[in-house]
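Visitor: The following file, run14.csv, comprises CSV, C-alpha atoms:
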chain,number,residue,atom,x,y,z
C,11,MET,CA,132.0,111.4,90.9
C,12,ALA,CA,131.1,113.3,94.1
C,13,LYS,CA,133.0,116.4,95.0
C,14,ALA,CA,135.1,116.7,98.1
C,15,GLY,CA,132.9,116.9,101.2
C,16,GLN,CA,129.9,115.8,99.2
C,17,SER,CA,128.1,112.5,99.9
C,18,PRO,CA,128.3,110.1,97.0
C,19,LEU,CA,124.5,109.7,97.3
C,20,ASP,CA,124.0,113.5,96.8
C,21,GLU,CA,125.3,113.3,93.2
C,22,VAL,CA,122.6,114.2,90.7
C,23,GLN,CA,121.7,111.7,88.0
C,24,MET,CA,124.1,109.0,89.0
C,25,VAL,CA,123.6,105.8,86.9
C,26,VAL,CA,123.3,102.8,89.2
C,27,LEU,CA,123.2,99.1,88.2
C,28,LEU,CA,121.0,97.1,90.5
C,29,THR,CA,120.5,93.3,90.5
C,30,GLY,CA,117.7,91.6,92.3
C,31,ALA,CA,115.3,94.6,91.8
C,32,SER,CA,112.3,92.3,91.1
C,33,GLY,CA,112.8,90.6,94.5
C,34,PHE,CA,112.1,91.4,98.1
C,35,VAL,CA,115.1,93.4,99.3
C,36,GLY,CA,116.1,94.6,95.8
C,37,SER,CA,112.7,96.2,95.2
C,38,ALA,CA,113.1,98.2,98.4
C,39,VAL,CA,116.6,99.3,97.5
C,40,LEU,CA,115.2,100.3,94.0
C,41,ARG,CA,112.6,102.6,95.5
C,42,LEU,CA,115.0,104.4,97.7
C,43,LEU,CA,117.5,105.0,94.8
C,44,LEU,CA,114.7,106.3,92.6
C,45,ALA,CA,113.5,108.6,95.5
C,46,GLN,CA,116.9,110.1,95.5
C,47,GLY,CA,116.7,110.9,91.8
C,48,HIS,CA,119.2,108.4,90.4
C,49,THR,CA,118.7,106.6,87.1
C,50,VAL,CA,118.6,102.9,88.0
C,51,ARG,CA,119.5,100.3,85.5
C,52,VAL,CA,117.8,97.0,86.5
C,53,LEU,CA,119.4,93.7,85.5
C,54,LEU,CA,116.7,91.1,85.0
C,55,ARG,CA,116.3,87.7,83.4
C,56,PRO,CA,113.6,87.4,80.8
C,57,THR,CA,111.7,85.2,83.3
C,58,SER,CA,111.9,87.6,86.3
C,59,PRO,CA,108.6,88.5,87.9
C,60,MET,CA,107.6,92.2,87.2
C,61,GLY,CA,105.1,92.8,90.0
C,62,ASN,CA,107.6,94.8,92.1
C,63,LEU,CA,108.6,97.0,89.2
C,64,THR,CA,105.2,98.1,87.9
C,65,GLY,CA,104.7,101.9,87.7
C,66,LEU,CA,108.2,102.9,88.7
C,67,ASP,CA,109.7,105.8,86.6
C,68,GLY,CA,113.4,106.2,86.3
C,69,THR,CA,114.3,102.6,85.7
C,70,GLU,CA,116.1,101.2,82.7
C,71,LEU,CA,115.4,97.5,82.2
C,72,ILE,CA,118.3,95.3,80.9
C,73,HIS,CA,117.9,91.6,80.2
C,74,GLY,CA,120.9,89.6,81.2
C,75,ASP,CA,122.1,86.7,83.4
C,76,LEU,CA,124.8,86.5,86.0
C,77,ASN,CA,126.2,83.5,84.2
C,78,ASP,CA,126.4,85.4,80.9
C,79,PRO,CA,129.6,87.6,81.2
C,80,ALA,CA,128.8,89.5,77.9
C,81,SER,CA,125.4,90.6,79.2
C,82,LEU,CA,127.0,91.8,82.4
C,83,GLN,CA,129.6,93.9,80.5
C,84,ALA,CA,126.8,95.6,78.6
C,85,ALA,CA,124.7,96.1,81.8
C,86,VAL,CA,127.5,97.7,83.8
C,87,LYS,CA,128.9,100.0,81.1
C,88,GLY,CA,128.6,103.6,82.1
C,89,CYS,CA,127.5,103.0,85.7
C,90,SER,CA,129.0,104.8,88.6
C,91,ALA,CA,127.6,102.5,91.2
C,92,LEU,CA,126.6,98.8,91.6
C,93,TYR,CA,124.3,97.2,94.1
C,94,HIS,CA,124.5,93.5,93.8
C,95,VAL,CA,121.4,92.3,95.7
C,96,ALA,CA,120.3,89.3,93.6
C,97,ALA,CA,120.8,85.8,95.1
C,98,ASP,CA,119.3,82.4,94.6
C,99,TYR,CA,117.6,82.1,98.0
C,100,ARG,CA,116.5,78.5,98.2
C,101,LEU,CA,117.0,76.2,101.1
C,102,TRP,CA,116.4,73.2,98.8
C,103,ALA,CA,116.9,72.8,95.1
C,104,ARG,CA,116.4,69.8,92.8
C,105,ASN,CA,119.8,70.6,91.3
C,106,PRO,CA,121.9,72.3,94.0
C,107,GLN,CA,124.6,73.3,91.5
C,108,GLU,CA,122.2,76.0,90.3
C,109,ILE,CA,122.5,77.8,93.6
C,110,TYR,CA,126.3,77.8,93.4
C,111,ASN,CA,126.2,78.9,89.8
C,112,SER,CA,124.1,82.0,90.6
C,113,ASN,CA,125.5,82.9,94.0
C,114,VAL,CA,129.2,82.2,93.6
C,115,GLU,CA,130.1,82.2,89.9
C,116,GLY,CA,127.5,84.8,89.1
C,117,THR,CA,129.0,87.1,91.7
C,118,ARG,CA,132.5,86.5,90.4
C,119,ASN,CA,131.3,87.4,86.8
C,120,LEU,CA,129.6,90.6,87.9
C,121,MET,CA,132.5,91.8,90.0
C,122,ARG,CA,134.9,91.2,87.1
C,123,ALA,CA,132.6,93.2,84.8
C,124,ALA,CA,132.4,96.0,87.3
C,125,LEU,CA,136.1,96.2,87.7
C,126,ALA,CA,136.6,96.3,83.9
C,127,ALA,CA,134.0,99.0,83.6
C,128,GLY,CA,135.6,101.2,86.3
C,129,VAL,CA,132.6,101.2,88.6
C,130,GLU,CA,133.5,103.6,91.4
C,131,ARG,CA,131.7,101.9,94.4
C,132,ILE,CA,129.9,98.6,95.0
C,133,VAL,CA,127.6,97.4,97.7
C,134,TYR,CA,127.5,93.6,97.8
C,135,THR,CA,124.6,91.9,99.6
C,136,SER,CA,125.8,89.0,101.6
C,137,SER,CA,123.8,87.5,104.5
C,138,VAL,CA,124.1,86.8,108.2
C,139,ALA,CA,123.9,83.1,107.1
C,140,VAL,CA,127.7,83.3,106.5
C,141,LEU,CA,128.5,84.6,109.9
C,142,GLY,CA,129.6,82.7,113.0
C,143,LEU,CA,127.2,81.9,115.8
C,144,ASN,CA,127.9,81.8,119.5
C,145,LYS,CA,127.4,78.5,121.2
C,146,ASP,CA,125.8,80.0,124.2
C,147,GLY,CA,123.1,81.7,122.1
C,148,THR,CA,124.3,85.3,122.7
C,149,SER,CA,124.4,87.7,119.8
C,150,ALA,CA,127.2,87.3,117.3
C,151,ASP,CA,128.8,90.1,115.3
C,152,GLU,CA,130.8,90.5,112.1
C,153,ASP,CA,133.9,89.1,113.6
C,154,THR,CA,132.6,86.0,115.4
C,155,PRO,CA,134.8,83.1,114.2
C,156,VAL,CA,133.4,80.9,111.4
C,157,SER,CA,134.5,78.6,108.6
C,158,LEU,CA,133.0,76.9,105.6
C,159,SER,CA,132.6,73.7,107.6
C,160,ASN,CA,130.1,75.6,109.8
C,161,MET,CA,127.8,76.3,106.9
C,162,VAL,CA,124.6,74.1,106.9
C,163,GLY,CA,123.1,73.6,103.5
C,164,ASP,CA,123.9,74.7,99.9
C,165,TYR,CA,122.5,78.2,100.3
C,166,LYS,CA,124.7,79.1,103.2
C,167,ARG,CA,127.7,77.5,101.7
C,168,SER,CA,127.2,79.3,98.4
C,169,LYS,CA,126.8,82.7,100.1
C,170,PHE,CA,129.9,82.0,102.2
C,171,LEU,CA,131.9,81.2,99.1
C,172,ALA,CA,130.5,84.2,97.3
C,173,GLU,CA,131.4,86.6,100.0
C,174,GLU,CA,134.9,85.1,100.0
C,175,VAL,CA,135.1,85.9,96.2
C,176,VAL,CA,134.3,89.6,97.0
C,177,ARG,CA,136.7,89.8,99.9
C,178,GLU,CA,139.5,88.3,97.9
C,179,MET,CA,138.9,90.7,95.0
C,180,VAL,CA,138.9,93.6,97.3
C,181,ALA,CA,142.3,92.5,98.8
C,182,THR,CA,144.0,91.5,95.5
C,183,GLU,CA,142.4,93.5,92.7
C,184,GLY,CA,141.2,96.7,94.4
C,185,LEU,CA,137.5,95.9,94.0
C,186,PRO,CA,135.7,99.0,95.6
C,187,ALA,CA,133.1,96.9,97.4
C,188,VAL,CA,131.4,97.3,100.8
C,189,ILE,CA,129.7,94.2,102.2
C,190,VAL,CA,126.3,94.1,103.9
C,191,ASN,CA,124.9,91.2,105.8
C,192,PRO,CA,121.1,91.4,106.2
C,193,SER,CA,119.5,89.3,108.9
C,194,THR,CA,115.9,88.2,108.3
C,195,PRO,CA,114.0,90.9,106.4
C,196,ILE,CA,110.2,91.1,106.6
C,197,GLY,CA,107.7,93.6,105.4
C,198,ALA,CA,105.9,94.6,102.1
C,199,ARG,CA,106.5,93.3,98.6
C,200,ASP,CA,107.5,89.7,99.5
C,201,ILE,CA,105.9,88.5,96.3
C,202,LYS,CA,107.6,85.1,96.1
C,203,PRO,CA,107.3,84.8,99.2
C,204,THR,CA,110.5,84.1,101.0
C,205,PRO,CA,110.7,81.2,103.5
C,206,THR,CA,110.1,83.7,106.3
C,207,GLY,CA,107.2,85.2,104.4
C,208,ARG,CA,105.6,81.8,104.0
C,209,MET,CA,106.0,81.2,107.7
C,210,ILE,CA,104.2,84.4,108.5
C,211,ILE,CA,101.4,83.5,106.1
C,212,GLU,CA,101.0,80.1,107.6
C,213,ALA,CA,101.0,81.5,111.2
C,214,ALA,CA,98.6,84.3,110.4
C,215,ALA,CA,96.2,81.7,108.8
C,216,GLY,CA,96.3,79.6,111.9
C,217,ARG,CA,98.2,76.7,110.3
C,218,MET,CA,101.2,76.6,112.6
C,219,PRO,CA,100.0,74.9,115.8
C,220,ALA,CA,103.6,74.1,116.9
C,221,PHE,CA,107.1,75.4,116.7
C,222,VAL,CA,110.7,74.4,117.3
C,223,ASN,CA,112.9,76.2,119.8
C,224,THR,CA,115.0,78.6,117.7
C,225,GLY,CA,115.5,82.3,117.2
C,226,LEU,CA,116.3,84.8,114.5
C,227,ASN,CA,117.1,88.4,114.0
C,228,PHE,CA,114.2,90.2,112.2
C,229,ALA,CA,114.5,93.6,110.4
C,230,HIS,CA,112.0,95.7,108.4
C,231,VAL,CA,112.9,95.3,104.7
C,232,ASP,CA,112.8,99.0,104.2
C,233,ASP,CA,115.4,99.5,107.0
C,234,VAL,CA,117.6,96.9,105.4
C,235,ALA,CA,117.3,98.8,102.1
C,236,GLN,CA,118.2,102.0,103.8
C,237,GLY,CA,121.2,100.2,105.3
C,238,HIS,CA,122.4,99.5,101.8
C,239,LEU,CA,122.4,103.1,100.8
C,240,LEU,CA,124.2,104.0,104.1
C,241,ALA,CA,126.8,101.4,103.3
C,242,TYR,CA,127.4,103.0,99.9
C,243,GLU,CA,127.7,106.4,101.5
C,244,LYS,CA,129.7,105.7,104.6
C,245,GLY,CA,130.9,102.1,104.6
C,246,GLN,CA,134.6,101.1,104.6
C,247,ILE,CA,135.8,99.2,101.5
C,248,GLY,CA,136.1,95.5,102.3
C,249,ARG,CA,134.3,95.8,105.6
C,250,ARG,CA,131.1,93.9,106.4
C,251,TYR,CA,128.1,95.4,108.2
C,252,ILE,CA,125.2,93.5,109.7
C,253,LEU,CA,121.9,95.0,108.7
C,254,GLY,CA,119.6,93.5,111.3
C,255,GLY,CA,117.0,94.5,113.8
C,256,GLU,CA,115.5,92.7,116.8
C,257,ASN,CA,116.3,89.2,118.1
C,258,LEU,CA,113.1,87.2,118.6
C,259,SER,CA,112.6,83.5,119.4
C,260,LEU,CA,110.3,81.7,117.0
C,261,ARG,CA,107.7,81.4,119.7
C,262,GLN,CA,107.8,85.2,120.3
C,263,LEU,CA,107.3,85.8,116.5
C,264,LEU,CA,104.4,83.4,116.3
C,265,THR,CA,102.8,84.8,119.4
C,266,THR,CA,103.1,88.3,118.0
C,267,ILE,CA,101.5,87.3,114.7
C,268,ALA,CA,98.7,85.4,116.5
C,269,GLN,CA,97.9,88.5,118.6
C,270,MET,CA,97.8,90.8,115.6
C,271,VAL,CA,95.2,88.7,113.8
C,272,GLY,CA,93.2,87.6,116.8
C,273,ARG,CA,94.3,84.0,117.0
C,274,ARG,CA,95.5,81.8,119.8
C,275,PRO,CA,99.3,81.5,119.8
C,276,PRO,CA,100.8,78.0,119.4
C,277,LYS,CA,102.0,76.4,122.7
C,278,ILE,CA,103.5,73.1,121.5
C,279,ALA,CA,107.3,73.0,121.2
C,280,LEU,CA,108.6,70.2,119.0
C,281,ALA,CA,112.1,68.7,119.3
C,282,HIS,CA,114.3,69.2,116.3
C,283,ASP,CA,114.9,65.4,116.0
C,284,LEU,CA,111.1,64.9,115.7
C,285,VAL,CA,110.8,67.5,112.9
C,286,LEU,CA,113.9,66.2,110.9
C,287,PRO,CA,112.3,63.0,109.6
C,288,ILE,CA,109.3,65.1,108.4
C,289,ALA,CA,111.7,67.4,106.5
C,290,TYR,CA,113.4,64.3,104.9
C,291,ALA,CA,110.0,63.0,103.9
C,292,ALA,CA,108.9,66.4,102.5
C,293,GLU,CA,112.1,66.6,100.4
C,294,PHE,CA,111.6,63.1,99.1
C,295,TRP,CA,108.0,63.7,98.2
C,296,THR,CA,108.9,66.9,96.4
C,297,ARG,CA,111.6,65.2,94.4
C,298,VAL,CA,109.3,62.2,93.3
C,299,SER,CA,106.2,64.3,92.7
C,300,GLY,CA,107.9,67.1,90.7
C,301,GLY,CA,106.9,69.8,93.2
C,302,LYS,CA,108.9,73.1,93.3
C,303,GLU,CA,109.9,73.3,97.0
C,304,PRO,CA,109.1,71.2,100.1
C,305,PHE,CA,107.2,72.8,103.0
C,306,ALA,CA,110.0,71.7,105.3
C,307,THR,CA,113.7,71.3,104.5
C,308,VAL,CA,116.5,69.4,106.1
C,309,ALA,CA,118.8,72.4,105.9
C,310,GLY,CA,116.1,74.6,107.5
C,311,VAL,CA,115.6,72.2,110.4
C,312,ASN,CA,119.3,71.8,111.0
C,313,GLN,CA,119.9,75.6,110.9
C,314,ALA,CA,117.1,76.0,113.5
C,315,ARG,CA,119.2,74.0,116.1
C,316,LYS,CA,121.1,77.3,116.9
C,317,LEU,CA,119.9,80.7,117.9
C,318,MET,CA,120.7,83.0,115.0
C,319,TYR,CA,121.0,86.2,117.1
C,320,PHE,CA,123.1,89.2,116.0
C,321,LYS,CA,124.4,92.6,117.1
C,322,ILE,CA,124.0,95.6,114.8
C,323,ASP,CA,126.5,97.8,116.8
C,324,ARG,CA,128.9,98.4,113.9
C,325,ALA,CA,126.2,99.4,111.4
C,326,GLN,CA,124.7,101.8,114.0
C,327,ARG,CA,128.1,103.3,114.9
C,328,GLU,CA,129.7,103.6,111.5
C,329,LEU,CA,126.7,103.9,109.2
C,330,GLY,CA,124.1,105.6,111.3
C,331,TYR,CA,121.8,102.6,110.8
C,332,ARG,CA,118.6,102.9,112.9
C,333,PRO,CA,116.1,100.1,112.4
C,334,ARG,CA,112.5,100.2,113.7
C,335,PRO,CA,111.0,97.7,116.1
C,336,ALA,CA,110.4,94.2,114.7
C,337,GLN,CA,106.7,94.5,115.6
C,338,ASP,CA,106.3,97.2,113.0
C,339,ALA,CA,107.9,95.0,110.4
C,340,ILE,CA,105.6,92.0,111.3
C,341,ARG,CA,102.5,94.2,111.1
C,342,ASP,CA,103.6,95.6,107.7
C,343,ALA,CA,104.2,92.1,106.4
C,344,ILE,CA,100.8,90.8,107.5
C,345,SER,CA,99.0,93.9,106.2
C,346,TRP,CA,100.7,93.5,102.7
C,347,PHE,CA,99.9,89.8,102.6
C,348,ILE,CA,96.2,90.5,103.4
C,349,ASP,CA,96.0,93.3,100.9
C,350,HIS,CA,97.5,91.2,98.1
C,351,ASN,CA,95.3,88.1,98.7
C,352,TYR,CA,98.0,85.8,100.2
C,353,LEU,CA,95.7,85.6,103.3
C,354,SER,CA,91.9,85.1,103.1
C,355,HIS,CA,89.5,85.4,106.1
C,356,THR,CA,92.3,87.2,108.0
C,357,GLN,CA,92.5,90.8,109.2
C,358,LEU,CA,94.6,92.8,111.6
C,359,VAL,CA,92.6,93.2,114.8
C,360,SER,CA,93.9,96.6,115.6
C,361,ALA,CA,96.5,99.2,114.5
C,362,LYS,CA,98.4,98.8,117.7
C,363,ASN,CA,99.3,95.7,119.7
Would you put the structure from the file into structure tokens?
Guide:
Amino acid sequence: MAKAGQSPLDEVQMVVLLTGASGFVGSAVLRLLLAQGHTVRVLLRPTSPMGNLTGLDGTELIHGDLNDPASLQAAVKGCSALYHVAADYRLWARNPQEIYNSNVEGTRNLMRAALAAGVERIVYTSSVAVLGLNKDGTSADEDTPVSLSNMVGDYKRSKFLAEEVVREMVATEGLPAVIVNPSTPIGARDIKPTPTGRMIIEAAAGRMPAFVNTGLNFAHVDDVAQGHLLAYEKGQIGRRYILGGENLSLRQLLTTIAQMVGRRPPKIALAHDLVLPIAYAAEFWTRVSGGKEPFATVAGVNQARKLMYFKIDRAQRELGYRPRPAQDAIRDAISWFIDHNYLSHTQLVSAKN
């Protein structure tokens, strides 16, 4: 327990339970926690990829599952802090119930275990996917009106319901949780890669000659990770904080990528209604062929009908969150994909663009 006037993050040898450490955002959070000298207990499934954990001292690997309450009780025992970053981030699944089991029921199980173990403070990683959007395309914030009926696709619905679980437990059971809502993180160590990472790879390889008119808020993954630690230190229990960066249209993103690798930017804008049948066909083919994930999803196309722009004022004001320009995040992502052989015959044309 931190002393009066002392930041919780200044406490020496705090034991932290972290979920999702093998993934994109989680591995960035892990590195920051280790850099501050904490012992980090990492909850992994036996099948979790280990590439993002290689060579990191100070980690304690625990095998468990969010749908196995007994394993969660063992994992959280003796921990002062919990960062629940793990999520099933798929825009399509052969069995959608798997997404709800991980994101909703898994979150409920872990929060119950944390309460029973007396964990002092929790950071729960939600998503801007659960937030409301403004019809006029202007930037939304944490209080923009929204309901479950606004959620498009199983991933968004599951994350909405999971955050509701956390908020309800804060209100009725005293769960000491702060909620963070990352926007679209990009940068190094996107090993899977995420849907956004796949798009960056395709664009850098010159395989995206067209685009739909949409927009997202992009943030460097390391800034998002820093925002998690700031939320632990300064966030208000039960309050949500958008951890975002810069609003860019998809065309702006693809143009920036093309310029960085010396390619011509795409100029063809496709109507959403033209792309939607392609997404239906891609999902059908994946289902009958046994593939893992379609290259285009119906949920993804429908989400792209709205500009997903957000403000980060609250996180800046209350947490001291200061993200770097999106261009830096894009460059770091491309550089990492090149260095790790996701991109062949591609190179950054200069250090500055």
Visitor: Which residues are close to Asp78 (chain C), i.e. within 10 Å by all atoms listed in the file, leaving aside same-chain residues fewer than 6 positions away? Reply as an mmCIF file with C-alpha atoms, in the coordinates of the input.
Guide:
data_model
loop_
_atom_site.group_PDB
_atom_site.id
_atom_site.type_symbol
_atom_site.label_atom_id
_atom_site.label_comp_id
_atom_site.auth_asym_id
_atom_site.auth_seq_id
_atom_site.Cartn_x
_atom_site.Cartn_y
_atom_site.Cartn_z
ATOM 1 C CA GLY C 116 127.500 84.800 89.100
ATOM 2 C CA ASN C 119 131.300 87.400 86.800
ATOM 3 C CA LEU C 120 129.600 90.600 87.900
#
Visitor: Against region 188-208 of chain C, which residues of region 244-289 of chain C fall within 6 Å? For each one I want the closest pair of atoms and the distance in Å (one decimal), counting only C-alpha atoms, rows by chain and increasing residue number, as a Markdown table.
Guide:
| residue | atom | partner | partner_atom | distance |
| --- | --- | --- | --- | --- |
| C:Ile247 | CA | C:Val188 | CA | 4.8 |
| C:Gly248 | CA | C:Val188 | CA | 5.3 |
| C:Arg249 | CA | C:Val188 | CA | 5.8 |
| C:Arg250 | CA | C:Ile189 | CA | 4.4 |
| C:Tyr251 | CA | C:Val190 | CA | 4.8 |
| C:Ile252 | CA | C:Asn191 | CA | 4.5 |
| C:Leu253 | CA | C:Pro192 | CA | 4.5 |
| C:Gly254 | CA | C:Ser193 | CA | 4.8 |
Visitor: Hey, can you spit out that residue selection with C-alpha atoms as an mmCIF file, in the coordinates of the input?
Guide:
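File written: selection32.cif
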data_model
loop_
_atom_site.group_PDB
_atom_site.id
_atom_site.type_symbol
_atom_site.label_atom_id
_atom_site.label_comp_id
_atom_site.auth_asym_id
_atom_site.auth_seq_id
_atom_site.Cartn_x
_atom_site.Cartn_y
_atom_site.Cartn_z
ATOM 1 C CA ILE C 247 135.800 99.200 101.500
ATOM 2 C CA GLY C 248 136.100 95.500 102.300
ATOM 3 C CA ARG C 249 134.300 95.800 105.600
ATOM 4 C CA ARG C 250 131.100 93.900 106.400
ATOM 5 C CA TYR C 251 128.100 95.400 108.200
ATOM 6 C CA ILE C 252 125.200 93.500 109.700
ATOM 7 C CA LEU C 253 121.900 95.000 108.700
ATOM 8 C CA GLY C 254 119.600 93.500 111.300
#
Visitor: Would you mind telling me which residue in C:Leu53, C:Ala103, C:Ala123, C:Leu42 lies nearest to Gln83 (chain C) when using only C-alpha atoms?
Guide: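 The answer is C:Ala123, which sits nearest to Gln83 (chain C).
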Visitor: Could you name the residues that touch Leu66 (chain C) at 10 Å or less, counting only C-alpha atoms, but leaving out those on the same chain fewer than 5 positions away, as a list in words?
Guide: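 Residues meeting the cut-off are Leu40, Arg41 and Leu44 of chain C.
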Visitor: Give me the residues within 9 Å of His238 (chain C) as a PDB file with C-alpha atoms, in the coordinates of the input, counting all atoms listed in the file and dropping any in the same chain fewer than 5 places off.
Guide:
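Below is the file part.pdb, written as the result:
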ATOM      1  CA  VAL C  39     116.600  99.300  97.500  1.00  0.00           C
ATOM      2  CA  TYR C  93     124.300  97.200  94.100  1.00  0.00           C
ATOM      3  CA  VAL C 133     127.600  97.400  97.700  1.00  0.00           C
ATOM      4  CA  TYR C 134     127.500  93.600  97.800  1.00  0.00           C
ATOM      5  CA  THR C 135     124.600  91.900  99.600  1.00  0.00           C
ATOM      6  CA  VAL C 190     126.300  94.100 103.900  1.00  0.00           C
ATOM      7  CA  ASP C 233     115.400  99.500 107.000  1.00  0.00           C
ATOM      8  CA  GLU C 243     127.700 106.400 101.500  1.00  0.00           C
ATOM      9  CA  LEU C 253     121.900  95.000 108.700  1.00  0.00           C
TER      10      LEU C 253
END
Visitor: Could you please determine the separation between CA of Arg217 (chain C) and CA of Ala279 (chain C) in Å, to one decimal place?
Guide: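 Computing it gives 14.7 Å between the two atoms.
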Visitor: Which residues are near Ile132 (chain C)? Cut-off 9 Å, all atoms listed in the file, ignore same chain within fewer than 2 positions. Put them as a PyMOL selection string.
Guide: chain C and resi 90-94+121+124+129-130+134+185-189+242+247
Visitor: Rank C:Tyr165, C:Phe228, C:Phe347, C:Phe170 by their smallest atom-to-atom distance to Leu101 (chain C), using all atoms listed in the file, and report the top residue only.
Guide: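 For Leu101 (chain C), the nearest of the given residues is C:Tyr165.
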Visitor: Counting all atoms listed in the file, what is within 9 Å of Val175 (chain C), bar same-chain residues fewer than 2 positions away, as a ChimeraX atom specification?
Guide: /C:114-115,117-118,121,170-173,177-180
Visitor: Restricting the output to C-alpha atoms, write the selected residues as a CSV table (one decimal), keeping the file's coordinate frame.
Guide:
chain,number,residue,atom,x,y,z
C,114,VAL,CA,129.2,82.2,93.6
C,115,GLU,CA,130.1,82.2,89.9
C,117,THR,CA,129.0,87.1,91.7
C,118,ARG,CA,132.5,86.5,90.4
C,121,MET,CA,132.5,91.8,90.0
C,170,PHE,CA,129.9,82.0,102.2
C,171,LEU,CA,131.9,81.2,99.1
C,172,ALA,CA,130.5,84.2,97.3
C,173,GLU,CA,131.4,86.6,100.0
C,177,ARG,CA,136.7,89.8,99.9
C,178,GLU,CA,139.5,88.3,97.9
C,179,MET,CA,138.9,90.7,95.0
C,180,VAL,CA,138.9,93.6,97.3
Visitor: Take CA of Ala96 (chain C) and CA of Leu143 (chain C) and report the distance between them in Å, one decimal.
Guide: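 Straight-line distance from CA of Ala96 (chain C) to CA of Leu143 (chain C) works out to 24.4 Å.
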Visitor: Under the rule that only C-alpha atoms are counted, which of C:Leu63, C:Val138, C:Ala214, C:Leu71 is the nearest residue to Arg273 (chain C)?
Guide: C:Ala214
Visitor: Please compute the CA of Ser32 (chain C)-CA of Ile344 (chain C) distance, one decimal, in Å.
Guide: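 These two atoms are separated by 20.1 Å.
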Visitor: Counting only C-alpha atoms, figure out which residue out of C:Val176, C:Ala339, C:Cys89, C:Val26 gets nearest to Asp232 (chain C).
Guide: C:Ala339
Visitor: Of the residues C:Asn223, C:Gly36, C:Ala31, C:Gln269, which is the one nearest to Met60 (chain C), using only C-alpha atoms?
Guide: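 Of C:Asn223, C:Gly36, C:Ala31, C:Gln269, the one nearest Met60 (chain C), counting only C-alpha atoms, is C:Ala31.
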Visitor: With only C-alpha atoms as the atoms that count, which of C:Met24, C:Ala220, C:Leu141, C:Leu358 lies nearest to Asn160 (chain C)?
Guide: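 Nearest to Asn160 (chain C): C:Leu141.
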